[in-house]
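Okay, structure first, notes after.
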Amino acid sequence: MKNRIFCILAVSFALLSGCQSPDSIEIPIDTQGLTRITAKFTSGDYNEQIAAEIFITDMTADTYIIPVPWYYPEESYNETAPYMEAMKVEANLANNYSLTPSLGILDLTKDNIFTLTSPTGEKKQITIKGEVTKLNKSSITFFSVEDETKELTVTGSIDEANGVISLITVEDLSSVSVDLSVSSHATFSPAIEGVKFDLNNPTLFTVTAHNGVDSKTYTVRKETPEKVSYGYAKGSEKVLWKLNSGDLGISWGRGSTSLASIGNHLIVSAGDGSVPIYLNRTTGAKLGTIVMGSANASGCVTNDANDNLLISNATDAGQTLNIYRTKSVRTAPTLYLSYENTTGLAISRIAVQGDIDGTATIIATCDRSSRVVRWDISGGVAGTPQAIEFSGVGSWGAQSNDAGNTRVVPLSTNKNDGYLLSYYSANVVYHVDGQTNAGTAKVADGSSLSWARNQGRLDVKEFNNARYLVLGAMSYFPQWAIKGMIYLYDITSLSLLTGDVSNSPALVYTQTLDSNNAADPIFGEGDVLLVPSSNGFYLHLYYWDNNHKILGAYSFDCINK
């Protein structure tokens with residue numbers, strides 16, 4: 001319609017001006033008259049979704065074949081052949097081109113004849129049909145090795161361009177099991193079921209696409225690649241996995257939820273007294289429940305930098321806080337610290353920096369207050385607990401639910417570095433000076449939705465000469481399409497941690513969380529965790545949002561590709 005109006009106006013102008021006759025006006029012609037053809041499903045679960053499309057660059061062709069994938073979605077086993085006889089076909093035409101008869105529901109198993117007419121009246125007969133096509137993708141999408149006797153898992157770094165999978169480790173890989181994933185419906189060789197591989201030496205794996213024609217061979221080799229000089233390599237960010245926590249049988253209601261990691265295990269605790277579960281932290285596969293012995297996880301779980309799992313109970317004023325330790329999810333923990341809680345306040349969360357077998361700091365956060373208890377550990381021996389009162393940070397947990405509490409995190413084992421904390425509904429990240437114990441506001445959620453999120457979970461870790469802060473802003477109302485957020489900051493220079501949470505100069509990565517919850521109005525609880533790998537090449541970020549019923553992981557690396 002716009003083109004017709006333009007032509008009428010142009011003719012009118014020419015007649016009025018007397019500069020040009022209507023017969024001399026040329027209609028603009030685009031020689032690329034047909035640019036795209038799309039086929040959509042007309043029935044079933046994927047009605048109106050695009051099954052396939054082609055982009056046309058050769059206008060000399062007179063037959064256009066739409067390659068409909070054998071399965072839809074590709075990773076499913078839903079065959080598309082039954083839908084081919086009734087596909088909705090649409091085309092993108094340049095201005096003033098036309099197709100006759102009109103497109104609509106076509107039987108793509110047959111030749112469908114049309115006439116393409118140009119603006120000058122030139123006609124061309126074209127044929128549109130479809131073809132069910134097997135997939136041509138032949139990639140390894142995940143590769144890992146395991147040695148159960150050593151509780152060793154190494155995830156391969158995949159260089160797709162060069163067909164190389166690097167196993168970054170100094171461990172012996174002479175007899176290991178292999179786990180891998182490939183493109184949808186592709187096959188691979190050699191077989192891996194029940195086979196032990198010697199991956200100390202380069203080994204070849206070949207993937208053959210579903211079509212049986214396309215293939216790619218990868219070389220798997222143990223090596224130590226070059227690192228970037230600082231922090232993680234930009235562009236290495238990727239999603240490891242995402243799970244519905246309800247499907248894992250995890251209680252996702254009110255409680256002191258927490259995450260911890262030792263070896264290749266992610267420990268997930270609901271904080272309601274139930275036994276924590278553990279997953280393969282690389283794949284997200286649920287492996288079982290941890291061995292508890294006499295420990296009680298009603299408080300939280302956490303870990304140090306040397307694969308020590310710490311388990312603490314929740315304690316009211318006047319009760320005993322017991323912190324247990326273990327190096328294996330299958331070994332009963334032993335009592336590490338006991339503290340007669342004389343703070344007058346409840347304690348439900350602890351945090352640790354360093355190695356409790358050497359130099360470390362443990363912080364127990366007192367609920368509904370501005371107070372913590374600190375232990376400094378030297379030579380593996382814990383010193384006298386210190387009760388510390390912060391100023392300038394308000395009182396966390398002042399809201400009517402426990403989600404307003406926080407977990408205070410020390411930046412390092414050096415007291416001078418101080419602490420970071422945040423809580424609902426202040427939703428401000430505070431830095432507390434380690435000498436004066438006075439807090440300063442660093443970043444805040446200035447959005448109109450700050451009331452709907454609880455940014456009371458954070459973690460700090462050092463990785464490849466950088467110090468990172470992860471902040472979890474858990475949503476109270478995912479059923480209203482208000483999503484939780486994850487923010488990752490480089491706080492090596494703490495002065496850059498300023499402004500708004502979503503645009504601070506220190507912000508290096510952010511993600512909006514998916515939700516598996518459409519109705520349940522529960523507490524905005526959850527946790528976040530940063531885990532540097534023992535080989536120094538990977539940084540993994542784990543998150544759990546109760547309201548979203550989602551548990552997930554991101555991966556970053558410092559490999560100079």
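Identifiers in the structure tokens: chain A, B, ... in order shown; residue index from 1 per chain; ligand index from 1 in order shown.
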
Give me, as a PDB file with C-alpha atoms, in the first residue's frame, the residues of region 187-404 of chain A that a backbone DSSP run labels strand (DSSP E).
```pdb
ATOM      1  CA  THR A 187      27.233 -41.657  16.287  1.00  0.00           C
ATOM      2  CA  PHE A 188      30.826 -41.938  17.428  1.00  0.00           C
ATOM      3  CA  SER A 189      33.710 -44.367  17.561  1.00  0.00           C
ATOM      4  CA  THR A 203      43.679 -40.583  21.133  1.00  0.00           C
ATOM      5  CA  LEU A 204      41.300 -40.162  18.188  1.00  0.00           C
ATOM      6  CA  PHE A 205      37.495 -40.082  18.390  1.00  0.00           C
ATOM      7  CA  THR A 206      35.362 -39.810  15.247  1.00  0.00           C
ATOM      8  CA  VAL A 207      31.803 -38.499  15.053  1.00  0.00           C
ATOM      9  CA  THR A 208      29.567 -39.399  12.103  1.00  0.00           C
ATOM     10  CA  SER A 215      32.081 -36.795   9.887  1.00  0.00           C
ATOM     11  CA  LYS A 216      34.749 -35.198  12.016  1.00  0.00           C
ATOM     12  CA  THR A 217      37.716 -36.652  13.899  1.00  0.00           C
ATOM     13  CA  TYR A 218      38.949 -35.128  17.155  1.00  0.00           C
ATOM     14  CA  THR A 219      42.314 -35.584  18.801  1.00  0.00           C
ATOM     15  CA  VAL A 220      42.032 -35.921  22.581  1.00  0.00           C
ATOM     16  CA  ARG A 221      45.277 -35.098  24.349  1.00  0.00           C
ATOM     17  CA  LYS A 222      46.557 -34.248  27.788  1.00  0.00           C
ATOM     18  CA  LYS A 238      29.083 -20.914  28.605  1.00  0.00           C
ATOM     19  CA  VAL A 239      26.165 -22.689  30.243  1.00  0.00           C
ATOM     20  CA  LEU A 240      27.142 -26.058  31.739  1.00  0.00           C
ATOM     21  CA  TRP A 241      23.670 -27.243  32.739  1.00  0.00           C
ATOM     22  CA  LYS A 242      20.280 -26.174  34.120  1.00  0.00           C
ATOM     23  CA  LEU A 243      17.960 -28.383  36.190  1.00  0.00           C
ATOM     24  CA  ASN A 244      14.550 -28.200  37.789  1.00  0.00           C
ATOM     25  CA  SER A 258      23.356 -23.418  50.531  1.00  0.00           C
ATOM     26  CA  LEU A 259      25.797 -24.849  47.997  1.00  0.00           C
ATOM     27  CA  ALA A 260      29.294 -26.289  48.408  1.00  0.00           C
ATOM     28  CA  SER A 261      31.813 -28.111  46.246  1.00  0.00           C
ATOM     29  CA  ILE A 262      34.571 -30.673  46.828  1.00  0.00           C
ATOM     30  CA  HIS A 265      30.843 -32.942  43.517  1.00  0.00           C
ATOM     31  CA  LEU A 266      28.339 -30.139  44.043  1.00  0.00           C
ATOM     32  CA  ILE A 267      26.619 -30.414  47.422  1.00  0.00           C
ATOM     33  CA  VAL A 268      23.104 -28.971  47.698  1.00  0.00           C
ATOM     34  CA  SER A 269      21.532 -28.377  51.124  1.00  0.00           C
ATOM     35  CA  ILE A 277      22.339 -34.329  48.035  1.00  0.00           C
ATOM     36  CA  TYR A 278      25.355 -34.240  45.755  1.00  0.00           C
ATOM     37  CA  LEU A 279      25.671 -33.960  41.980  1.00  0.00           C
ATOM     38  CA  ASN A 280      28.393 -34.357  39.406  1.00  0.00           C
ATOM     39  CA  LYS A 286      22.400 -36.488  40.702  1.00  0.00           C
ATOM     40  CA  LEU A 287      24.621 -39.054  42.428  1.00  0.00           C
ATOM     41  CA  GLY A 288      23.054 -39.494  45.871  1.00  0.00           C
ATOM     42  CA  THR A 289      23.006 -38.102  49.409  1.00  0.00           C
ATOM     43  CA  CYS A 300      24.474 -24.686  55.858  1.00  0.00           C
ATOM     44  CA  VAL A 301      27.217 -26.358  53.862  1.00  0.00           C
ATOM     45  CA  THR A 302      30.310 -24.622  52.491  1.00  0.00           C
ATOM     46  CA  ASN A 303      33.838 -25.518  51.428  1.00  0.00           C
ATOM     47  CA  LEU A 309      33.453 -29.745  53.115  1.00  0.00           C
ATOM     48  CA  LEU A 310      32.126 -27.909  56.186  1.00  0.00           C
ATOM     49  CA  ILE A 311      28.671 -28.693  57.590  1.00  0.00           C
ATOM     50  CA  SER A 312      27.081 -26.551  60.306  1.00  0.00           C
ATOM     51  CA  THR A 320      26.118 -24.811  70.512  1.00  0.00           C
ATOM     52  CA  LEU A 321      27.243 -24.202  66.943  1.00  0.00           C
ATOM     53  CA  ASN A 322      28.962 -27.342  65.652  1.00  0.00           C
ATOM     54  CA  ILE A 323      31.005 -27.269  62.458  1.00  0.00           C
ATOM     55  CA  TYR A 324      31.914 -30.667  60.983  1.00  0.00           C
ATOM     56  CA  ARG A 325      34.450 -31.377  58.244  1.00  0.00           C
ATOM     57  CA  THR A 326      35.094 -34.098  55.656  1.00  0.00           C
ATOM     58  CA  THR A 334      34.246 -35.283  62.080  1.00  0.00           C
ATOM     59  CA  LEU A 335      33.697 -32.411  64.508  1.00  0.00           C
ATOM     60  CA  TYR A 336      35.980 -29.485  63.666  1.00  0.00           C
ATOM     61  CA  LEU A 337      34.780 -26.534  65.779  1.00  0.00           C
ATOM     62  CA  SER A 338      32.270 -26.074  68.593  1.00  0.00           C
ATOM     63  CA  TYR A 339      31.120 -22.637  69.712  1.00  0.00           C
ATOM     64  CA  GLU A 340      28.862 -21.842  72.635  1.00  0.00           C
ATOM     65  CA  ILE A 347      23.383 -18.321  63.668  1.00  0.00           C
ATOM     66  CA  SER A 348      22.522 -20.209  60.504  1.00  0.00           C
ATOM     67  CA  ARG A 349      25.242 -19.488  57.918  1.00  0.00           C
ATOM     68  CA  ILE A 350      29.014 -19.675  57.739  1.00  0.00           C
ATOM     69  CA  ALA A 351      31.554 -18.738  55.052  1.00  0.00           C
ATOM     70  CA  VAL A 352      35.224 -19.642  54.670  1.00  0.00           C
ATOM     71  CA  GLN A 353      38.238 -18.347  52.763  1.00  0.00           C
ATOM     72  CA  GLY A 354      41.534 -20.212  52.494  1.00  0.00           C
ATOM     73  CA  ALA A 360      41.948 -19.678  56.608  1.00  0.00           C
ATOM     74  CA  THR A 361      39.181 -17.467  57.936  1.00  0.00           C
ATOM     75  CA  ILE A 362      35.706 -18.631  58.953  1.00  0.00           C
ATOM     76  CA  ILE A 363      32.836 -16.178  59.385  1.00  0.00           C
ATOM     77  CA  ALA A 364      29.571 -17.107  61.104  1.00  0.00           C
ATOM     78  CA  THR A 365      26.792 -14.605  60.328  1.00  0.00           C
ATOM     79  CA  CYS A 366      24.428 -13.798  63.186  1.00  0.00           C
ATOM     80  CA  ARG A 371      27.136  -8.926  63.861  1.00  0.00           C
ATOM     81  CA  VAL A 372      29.452 -11.809  62.936  1.00  0.00           C
ATOM     82  CA  VAL A 373      31.778 -14.247  64.694  1.00  0.00           C
ATOM     83  CA  ARG A 374      35.252 -14.687  63.171  1.00  0.00           C
ATOM     84  CA  TRP A 375      37.857 -17.459  63.485  1.00  0.00           C
ATOM     85  CA  ASP A 376      41.368 -16.953  62.129  1.00  0.00           C
ATOM     86  CA  ILE A 377      43.134 -20.241  61.361  1.00  0.00           C
ATOM     87  CA  SER A 378      46.903 -20.546  61.204  1.00  0.00           C
ATOM     88  CA  VAL A 381      44.675 -24.429  64.217  1.00  0.00           C
ATOM     89  CA  ALA A 382      41.660 -22.190  64.850  1.00  0.00           C
ATOM     90  CA  GLN A 386      35.939 -12.912  67.843  1.00  0.00           C
ATOM     91  CA  ALA A 387      32.463 -11.350  68.025  1.00  0.00           C
ATOM     92  CA  ILE A 388      32.425  -8.324  65.700  1.00  0.00           C
ATOM     93  CA  GLU A 389      29.790  -5.591  65.309  1.00  0.00           C
TER      94      GLU A 389
END
```

Test item: residues at most 10 Å from Tyr71 (chain A), only C-alpha atoms, excluding those fewer than 4 positions along its chain, as an MDAnalysis selection string: chainID A and resid 51 75:81 132:135 184:185

Exercise: Pro410 (chain A) partners within 7 Å, only C-alpha atoms, chain neighbours under 6 positions left out, as a PyMOL selection string: chain A and resi 353+418-420

Would you write out those residues with all heavy atoms, as a PDB file, in the first residue's frame?
```pdb
ATOM      1  N   GLN A 353      37.227 -18.647  53.771  1.00  0.00           N
ATOM      2  CA  GLN A 353      38.238 -18.347  52.763  1.00  0.00           C
ATOM      3  C   GLN A 353      39.528 -19.040  53.180  1.00  0.00           C
ATOM      4  O   GLN A 353      39.861 -19.089  54.371  1.00  0.00           O
ATOM      5  CB  GLN A 353      38.487 -16.838  52.652  1.00  0.00           C
ATOM      6  CG  GLN A 353      37.381 -16.056  51.988  1.00  0.00           C
ATOM      7  CD  GLN A 353      37.367 -16.192  50.474  1.00  0.00           C
ATOM      8  OE1 GLN A 353      37.969 -17.105  49.909  1.00  0.00           O
ATOM      9  NE2 GLN A 353      36.655 -15.294  49.804  1.00  0.00           N
ATOM     10  N   GLY A 418      38.781  -6.962  54.577  1.00  0.00           N
ATOM     11  CA  GLY A 418      37.408  -6.736  54.996  1.00  0.00           C
ATOM     12  C   GLY A 418      36.423  -7.759  54.496  1.00  0.00           C
ATOM     13  O   GLY A 418      36.782  -8.909  54.185  1.00  0.00           O
ATOM     14  N   TYR A 419      35.161  -7.333  54.364  1.00  0.00           N
ATOM     15  CA  TYR A 419      34.049  -8.241  54.102  1.00  0.00           C
ATOM     16  C   TYR A 419      33.096  -7.606  53.087  1.00  0.00           C
ATOM     17  O   TYR A 419      33.050  -6.394  52.921  1.00  0.00           O
ATOM     18  CB  TYR A 419      33.253  -8.517  55.380  1.00  0.00           C
ATOM     19  CG  TYR A 419      34.083  -8.744  56.612  1.00  0.00           C
ATOM     20  CD1 TYR A 419      34.555  -7.661  57.371  1.00  0.00           C
ATOM     21  CD2 TYR A 419      34.391 -10.029  57.045  1.00  0.00           C
ATOM     22  CE1 TYR A 419      35.321  -7.869  58.516  1.00  0.00           C
ATOM     23  CE2 TYR A 419      35.145 -10.242  58.189  1.00  0.00           C
ATOM     24  CZ  TYR A 419      35.608  -9.152  58.919  1.00  0.00           C
ATOM     25  OH  TYR A 419      36.361  -9.357  60.050  1.00  0.00           O
ATOM     26  N   LEU A 420      32.270  -8.460  52.458  1.00  0.00           N
ATOM     27  CA  LEU A 420      31.168  -8.008  51.620  1.00  0.00           C
ATOM     28  C   LEU A 420      29.879  -8.646  52.108  1.00  0.00           C
ATOM     29  O   LEU A 420      29.878  -9.787  52.583  1.00  0.00           O
ATOM     30  CB  LEU A 420      31.393  -8.377  50.151  1.00  0.00           C
ATOM     31  CG  LEU A 420      32.486  -7.602  49.404  1.00  0.00           C
ATOM     32  CD1 LEU A 420      32.683  -8.181  48.009  1.00  0.00           C
ATOM     33  CD2 LEU A 420      32.167  -6.116  49.319  1.00  0.00           C
TER      34      LEU A 420
END
```

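CA of Lys110 (chain A) to CA of Ile65 (chain A) spans 10.6 Å [interatomic distance, one decimal].
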
Pick out the residues sitting within 9 Å of Ile192 (chain A), and hand them over as a list of chain:residue names; count only C-alpha atoms, and ignore anything fewer than 3 positions along from it in its own chain. A:Ser177, A:Val178, A:Asp179, A:Leu180, A:Ser189, A:Val195, A:Lys196, A:Phe197

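One distance worth recording is that between CA of Asp445 (chain A) and CA of Asp417 (chain A), which is 23.7 Å.
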
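The gap separating CA of Ser294 (chain A) from CA of Lys327 (chain A) is 15.4 Å, in Å to one decimal.
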
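Using only C-alpha atoms, the contacts of Phe55 (chain A) at a cut-off of 8 Å, with sequence neighbours closer than 3 positions omitted, comprise Thr35, Arg36 and Ile37 of chain A.
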
Using backbone DSSP assignments, extract all alpha helix (DSSP H) residues from region 14-244 of chain A; output them as a PyMOL selection string. chain A and resi 14-17

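Using only C-alpha atoms, the smallest distance between any of A:Val501, A:Val145, A:Ile486, A:Ile56 and Ala553 (chain A) comes from A:Ile486.
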
Extract, using only C-alpha atoms, all DNA, RNA and protein residues at most 9 Å from Ser447 (chain A), discarding same-chain residues fewer than 3 positions from it, and format them as a PyMOL selection string. chain A and resi 444+450-451+500+502

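Within the 10 Å cut-off around Asp107 (chain A), using only C-alpha atoms and omitting residues fewer than 5 positions from it on the same chain, the listed residues are Tyr83, Met84, Glu85, Ala86, Met87, Lys88, Val89, Asn112, Ile128, Lys129 and Gly130 of chain A.
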